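Accompanying notes for the structure given below.
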Amino acid sequence: MKFRWKEYNMVPSNLGSSRMTVYDDVAQVFQETLKVKVGKIALDSRRGDLPEWDSLGHILLVEALGNKFALKISADDALNMESVADIVRIIESRTQSK
């Protein structure tokens with residue numbers, strides 16, 4: 001079973017408040033796009049963990065993330081989005097360079 005930080009109102013010490021904000025926004029995109037309850041989403045959630053996160057779901061998710069964060073997500077970045085943590089890392093790197 002995955003540890004869900006938000007259920008315990010805890011922020012891991014290696015996550016800053018800005019990273020949790022990105023995580024919160026990513027979790028919201030998962031909820032809105034894939035209809036996944038936020039409680040099922042954790043930083044260590046991977047593509048195979050959620051049935052809704054299949055190949056079509058991934059395409060929809062990448063598009064929704066691009067819209068949410070006003071980013072053009074490259075094909076390489078989309079292919080590297082294998083976990084929620086990957087998504088947060090990629091979005092952080094793109095938004096910090098803006």
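Letters for chains follow the order of the structure tokens (A, B, ...), residue numbers begin at 1 for each chain, and ligand numbers begin at 1 in the order shown.
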
So that I can see what lies close to Leu43 in chain A, please list as number ranges by chain the residues with an atom at most 8 Å from it, counting only C-alpha atoms and leaving out residues fewer than 3 positions away in the same chain.
A: 23, 83-85

Contacts of Ser74 in chain A within 12 Å, only C-alpha atoms, excl. fewer than 2 positions in-chain, as JSON, numbers by chain:
{"A": [59, 62, 63, 65, 66, 71, 72, 76, 77, 78, 79, 80, 81, 90, 91, 94]}

Residues from the last selection, C-alpha atoms, saved as a PDB file, in the first residue's frame:
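Everything below was put into selection_14.pdb:
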ATOM      1  CA  ILE A  59      -2.419  11.470 -23.986  1.00  0.00           C
ATOM      2  CA  VAL A  62      -0.383  15.336 -21.127  1.00  0.00           C
ATOM      3  CA  GLU A  63      -2.737  17.679 -22.978  1.00  0.00           C
ATOM      4  CA  LEU A  65      -1.191  19.261 -17.949  1.00  0.00           C
ATOM      5  CA  GLY A  66       0.018  21.452 -20.814  1.00  0.00           C
ATOM      6  CA  LEU A  71       3.344  24.544 -21.276  1.00  0.00           C
ATOM      7  CA  LYS A  72       4.090  22.785 -24.514  1.00  0.00           C
ATOM      8  CA  ASP A  76      10.347  13.212 -24.886  1.00  0.00           C
ATOM      9  CA  ASP A  77       8.879  14.689 -21.712  1.00  0.00           C
ATOM     10  CA  ALA A  78       5.557  12.931 -22.323  1.00  0.00           C
ATOM     11  CA  LEU A  79       7.368   9.606 -22.709  1.00  0.00           C
ATOM     12  CA  ASN A  80       9.332  10.244 -19.510  1.00  0.00           C
ATOM     13  CA  MET A  81       6.157  10.805 -17.458  1.00  0.00           C
ATOM     14  CA  ILE A  90       9.235  17.813 -15.399  1.00  0.00           C
ATOM     15  CA  ILE A  91       6.683  20.550 -14.760  1.00  0.00           C
ATOM     16  CA  ARG A  94       9.780  23.773 -17.297  1.00  0.00           C
TER      17      ARG A  94
END

Would you kindly return, as a list in words, each protein, DNA or RNA residue with an atom no farther than 10 Å from any atom of Gly57 in chain A, considering only C-alpha atoms and excluding same-chain residues fewer than 6 positions away?
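Residues near the query, excluding close chain neighbours: Phe30, Thr33, Leu34, Arg47, Pro51 and Glu63 of chain A.
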
Please determine, counting only C-alpha atoms, which residue among A:Lys35, A:Arg46, A:Lys40, A:Asn67 has the shortest atom-to-atom distance to Ile87 in chain A.
A:Arg46

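In this model, the gap between CA of Ala27 in chain A and CA of Ile41 in chain A comes to 6.5 Å.
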
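Each of A:Asp44, A:Glu82, A:Val88, A:Leu61 was checked against Asp24 in chain A using only C-alpha atoms; the smallest atom-to-atom distance is that of A:Val88.
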